[in-house]
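Enquirer: Have a look at this one before I ask anything.
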Amino acid sequence: MPHIPAQRRAVFVSDFDGTLARPNFYQLVRKHLVPPGTPDYWREYREGTMTHFDALDAFFAAAQGGQSALLDMIDRMEVPADLAEHVERLRELGWEIVIVSAGCSWYIQELLGRAGVQMPIFANPGRVVDGRLIMERPADSAHSCRETGIDKAAVVRTFQQETHTVAFAGDGFPDFEAARLVAAHHRFARDDLAAACREEGLAFRPFEQWTEVTAALSQENVP
Ligand SMILES: [Mg+2]
């Protein structure tokens, strides 16, 4: 697992697709690269007949156009302007920022690299083989589960054992168990995660832009 320097006493665990980056990589692949007639794996996931991991992996495997088409999808994604400065400012205040994603580290690393940002990433590994993005289950069994590959809640729990303060931001159903673990004032949610929190009566702080979360965290005194 990535090493977190001891002087950082607080950890901000952030989802990637739909939270830090827009739009979701999988949605772009599905819309532009998956041929008509491909089964609706997302509906199978929502109906519980397919895991989240297998649904994403099936869409990636169905995508046409090879590596250049996959890279084109990354070109269509956006991260906040001046991301590197936002990350650096939060780090100077004692926060480490960690990415957790039920997506694939292949495109996350590429996007963060383009933005000149390095941070620990907990995501499903993957590589392009013969023009297809093959997503794999994480080798790290302490932070993986059958449903999503990477187990976001397990990642949050690990950091909670190491530091007093863990914040979480996310936008999807697979974020719920991780979001549930943190204090309400450190639980940032939008879209499906916000709806799930409302349904379960779980307090949260709404956000639209990722930089609203970093701005809120930077106003806190890290103990
Ligand atoms: Mg997301």
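In the structure tokens, chains take the letters A, B, ... in the order shown, each chain's residues start at 1, and ligands count up from 1 in the order shown.
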List all protein, DNA and RNA residues that have at least one atom no more than 10 Å from any atom of ligand 1, counting only C-alpha atoms and all ligand atoms, and write them as a PyMOL selection string.
Expert: chain A and resi 14-25+100-103+169-175+190-193
Enquirer: Can I get the selected residues back with C-alpha atoms, as a PDB file, in the first residue's frame?
Expert:
ATOM      1  CA  SER A  14     -11.332  11.045  -2.927  1.00  0.00           C
ATOM      2  CA  ASP A  15     -13.230   9.142  -5.562  1.00  0.00           C
ATOM      3  CA  PHE A  16     -12.027   9.929  -9.093  1.00  0.00           C
ATOM      4  CA  ASP A  17     -14.672   9.664 -11.865  1.00  0.00           C
ATOM      5  CA  GLY A  18     -17.468  12.194 -11.417  1.00  0.00           C
ATOM      6  CA  THR A  19     -15.786  13.597  -8.306  1.00  0.00           C
ATOM      7  CA  LEU A  20     -12.320  14.836  -9.302  1.00  0.00           C
ATOM      8  CA  ALA A  21     -12.607  14.214 -13.061  1.00  0.00           C
ATOM      9  CA  ARG A  22     -15.570  14.682 -15.433  1.00  0.00           C
ATOM     10  CA  PRO A  23     -17.239  12.986 -17.124  1.00  0.00           C
ATOM     11  CA  ASN A  24     -16.858   9.338 -16.052  1.00  0.00           C
ATOM     12  CA  PHE A  25     -14.402   7.403 -18.214  1.00  0.00           C
ATOM     13  CA  VAL A 100      -9.865   5.531  -4.439  1.00  0.00           C
ATOM     14  CA  SER A 101     -11.620   4.308  -7.552  1.00  0.00           C
ATOM     15  CA  ALA A 102     -13.636   1.315  -8.628  1.00  0.00           C
ATOM     16  CA  GLY A 103     -12.457   2.266 -12.138  1.00  0.00           C
ATOM     17  CA  ALA A 169     -15.684  12.764  -1.244  1.00  0.00           C
ATOM     18  CA  GLY A 170     -17.627  10.808  -3.841  1.00  0.00           C
ATOM     19  CA  ASP A 171     -20.546  10.795  -6.251  1.00  0.00           C
ATOM     20  CA  GLY A 172     -21.626   7.188  -6.775  1.00  0.00           C
ATOM     21  CA  PHE A 173     -23.376   4.227  -5.137  1.00  0.00           C
ATOM     22  CA  PRO A 174     -20.042   2.349  -4.703  1.00  0.00           C
ATOM     23  CA  ASP A 175     -18.903   5.268  -2.498  1.00  0.00           C
ATOM     24  CA  ARG A 190     -22.889  14.758  -4.916  1.00  0.00           C
ATOM     25  CA  ASP A 191     -25.188  12.993  -7.384  1.00  0.00           C
ATOM     26  CA  ASP A 192     -25.932   9.302  -6.607  1.00  0.00           C
ATOM     27  CA  LEU A 193     -23.937   9.328  -3.361  1.00  0.00           C
TER      28      LEU A 193
END
Enquirer: Would you kindly return, as a list in words, each protein, DNA or RNA residue with an atom no farther than 6 Å from any atom of region 139-144 of chain A, considering only C-alpha atoms and excluding same-chain residues fewer than 2 positions away?
Expert: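 Result of the neighbour search: Gly149, Ile150, Asp151, Ala154 and Val155 of chain A.
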Enquirer: Export C-alpha atoms of the chosen residues as a PDB file, in the first residue's frame?
Expert:
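Below is the file that was written, part_32.pdb:
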ATOM      1  CA  GLY A 149     -12.477  -4.817  -7.111  1.00  0.00           C
ATOM      2  CA  ILE A 150     -10.955  -2.084  -4.995  1.00  0.00           C
ATOM      3  CA  ASP A 151     -12.731  -1.882  -1.632  1.00  0.00           C
ATOM      4  CA  ALA A 154     -11.379  -0.917   3.491  1.00  0.00           C
ATOM      5  CA  VAL A 155      -9.079   1.881   2.285  1.00  0.00           C
TER       6      VAL A 155
END
Enquirer: Enumerate the residues of region 29-105 of chain A with a DSSP assignment of strand (DSSP E or B), computed from the backbone, and present them as a PyMOL selection string.
Expert: chain A and resi 78+95-104
Enquirer: Identify, on the basis of only C-alpha atoms, every residue whose closest approach to region 63-71 of chain A does not exceed 9 Å; exclude the query and any residue fewer than 2 positions from it along the same chain; express the result as a ChimeraX atom specification.
Expert: /A:29-30,32-35,58-61,73-76,107,110,128-133
Enquirer: For those residues, write C-alpha atoms to a file as a PDB file, in the first residue's frame.
Expert:
ATOM      1  CA  VAL A  29     -16.308   4.552 -23.490  1.00  0.00           C
ATOM      2  CA  ARG A  30     -19.870   3.316 -23.485  1.00  0.00           C
ATOM      3  CA  HIS A  32     -18.462   6.523 -28.103  1.00  0.00           C
ATOM      4  CA  LEU A  33     -16.667   3.168 -28.384  1.00  0.00           C
ATOM      5  CA  VAL A  34     -19.083   0.387 -27.467  1.00  0.00           C
ATOM      6  CA  PRO A  35     -20.984  -0.834 -30.547  1.00  0.00           C
ATOM      7  CA  ALA A  58     -17.303  -5.919 -19.966  1.00  0.00           C
ATOM      8  CA  PHE A  59     -17.816  -2.401 -21.401  1.00  0.00           C
ATOM      9  CA  PHE A  60     -14.056  -1.859 -21.658  1.00  0.00           C
ATOM     10  CA  ALA A  61     -13.630  -5.232 -23.363  1.00  0.00           C
ATOM     11  CA  MET A  73     -11.684   9.335 -24.295  1.00  0.00           C
ATOM     12  CA  ILE A  74      -9.098  10.541 -21.780  1.00  0.00           C
ATOM     13  CA  ASP A  75      -8.710  13.710 -23.884  1.00  0.00           C
ATOM     14  CA  ARG A  76     -12.409  14.381 -23.296  1.00  0.00           C
ATOM     15  CA  TYR A 107      -6.651   6.222 -17.201  1.00  0.00           C
ATOM     16  CA  GLU A 110      -2.638   9.130 -17.374  1.00  0.00           C
ATOM     17  CA  VAL A 128      -4.179  -2.206 -22.943  1.00  0.00           C
ATOM     18  CA  VAL A 129      -3.611  -5.544 -24.627  1.00  0.00           C
ATOM     19  CA  ASP A 130      -4.178  -5.829 -28.390  1.00  0.00           C
ATOM     20  CA  GLY A 131      -6.124  -2.555 -28.314  1.00  0.00           C
ATOM     21  CA  ARG A 132      -8.439  -3.596 -25.454  1.00  0.00           C
ATOM     22  CA  LEU A 133      -8.389  -2.194 -21.954  1.00  0.00           C
TER      23      LEU A 133
END
Enquirer: Please extract the residues of region 1-198 of chain A with a backbone DSSP assignment of helix (DSSP H, G or I) and present them as a ChimeraX atom specification.
Expert: /A:25-32,41-46,52-62,66-75,83-92,105-114,141-143,152-162,173-181,184-186,191-198
Enquirer: Could you tell me how far CA of Arg43 (chain A) lies from CA of Ala123 (chain A), in Å and to one decimal?
Expert: 22.5 Å
Enquirer: Could you pull the residues within 7 Å of region 196-209 of chain A, counting only C-alpha atoms, minus those fewer than 5 positions along the same chain, as a compact mmCIF listing (two decimals) with C-alpha atoms, in the first residue's frame?
Expert:
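Once written, part32.txt looks like this:
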# COMPACT_ATOMS: atom_id res chain seq x y z
CA PHE A 173 -23.38 4.23 -5.14
CA ALA A 184 -20.57 14.03 8.80
CA HIS A 185 -18.54 17.24 8.46
CA ARG A 187 -18.47 13.48 4.26
CA PHE A 188 -18.73 15.26 0.89
CA ALA A 189 -21.27 13.98 -1.61
CA ARG A 190 -22.89 14.76 -4.92
Enquirer: Excluding Thr163 (chain A) and its own-chain neighbours fewer than 4 positions away, which residues fall within 7 Å of it when counting only C-alpha atoms? Please give them as a VMD selection string.
Expert: chain A and resid 9 to 10 159
Enquirer: Mind checking which residues fall within 12 Å of Asp54 (chain A), counting only C-alpha atoms, ignoring those fewer than 6 positions away in the same chain, and posting them as a VMD selection string?
Expert: chain A and resid 41 to 42 44 to 45 48 60 to 61 102 to 103 124 134 to 137 146 to 149
Enquirer: Using only C-alpha atoms, can you tell me which of A:Glu177, A:Glu78, A:Cys145, A:Thr38 comes closest to Arg157 (chain A)?
Expert: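 Result for the nearest residue to Arg157 (chain A): A:Glu177.
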Enquirer: Near Asn221 (chain A), within 10 Å and counting only C-alpha atoms, which residues show up once chain neighbours fewer than 4 positions away are dropped, as a ChimeraX atom specification?
Expert: /A:93-94,217
Enquirer: Have a look at CA of Arg46 (chain A) and CA of Pro138 (chain A) and let me know their distance in Å, one decimal.
Expert: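 Spanning CA of Arg46 (chain A) to CA of Pro138 (chain A) is a straight-line distance of 22.5 Å.
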Enquirer: Between A:Val87, A:Leu111, A:Ala62, A:Ala195, which one has atoms that come closest to Phe12 (chain A), using only C-alpha atoms?
Expert: A:Val87
Enquirer: Go through A:Ile108, A:Leu56, A:Leu28, A:Ala215 and flag the residue nearest Leu90 (chain A), using only C-alpha atoms for the distances.
Expert: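 Smallest separation from Leu90 (chain A) among the options: A:Ala215.
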Enquirer: Using only C-alpha atoms, find the one residue out of A:Gly113, A:His52, A:Gly126, A:Phe168 that sits nearest to Trp210 (chain A).
Expert: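 Distance minimum relative to Trp210 (chain A) lands on A:Phe168.
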Enquirer: Quick one: pull the distance between CA of Ala179 (chain A) and CA of Ala115 (chain A), Å, one decimal.
Expert: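 These atoms are spaced 26.3 Å apart.
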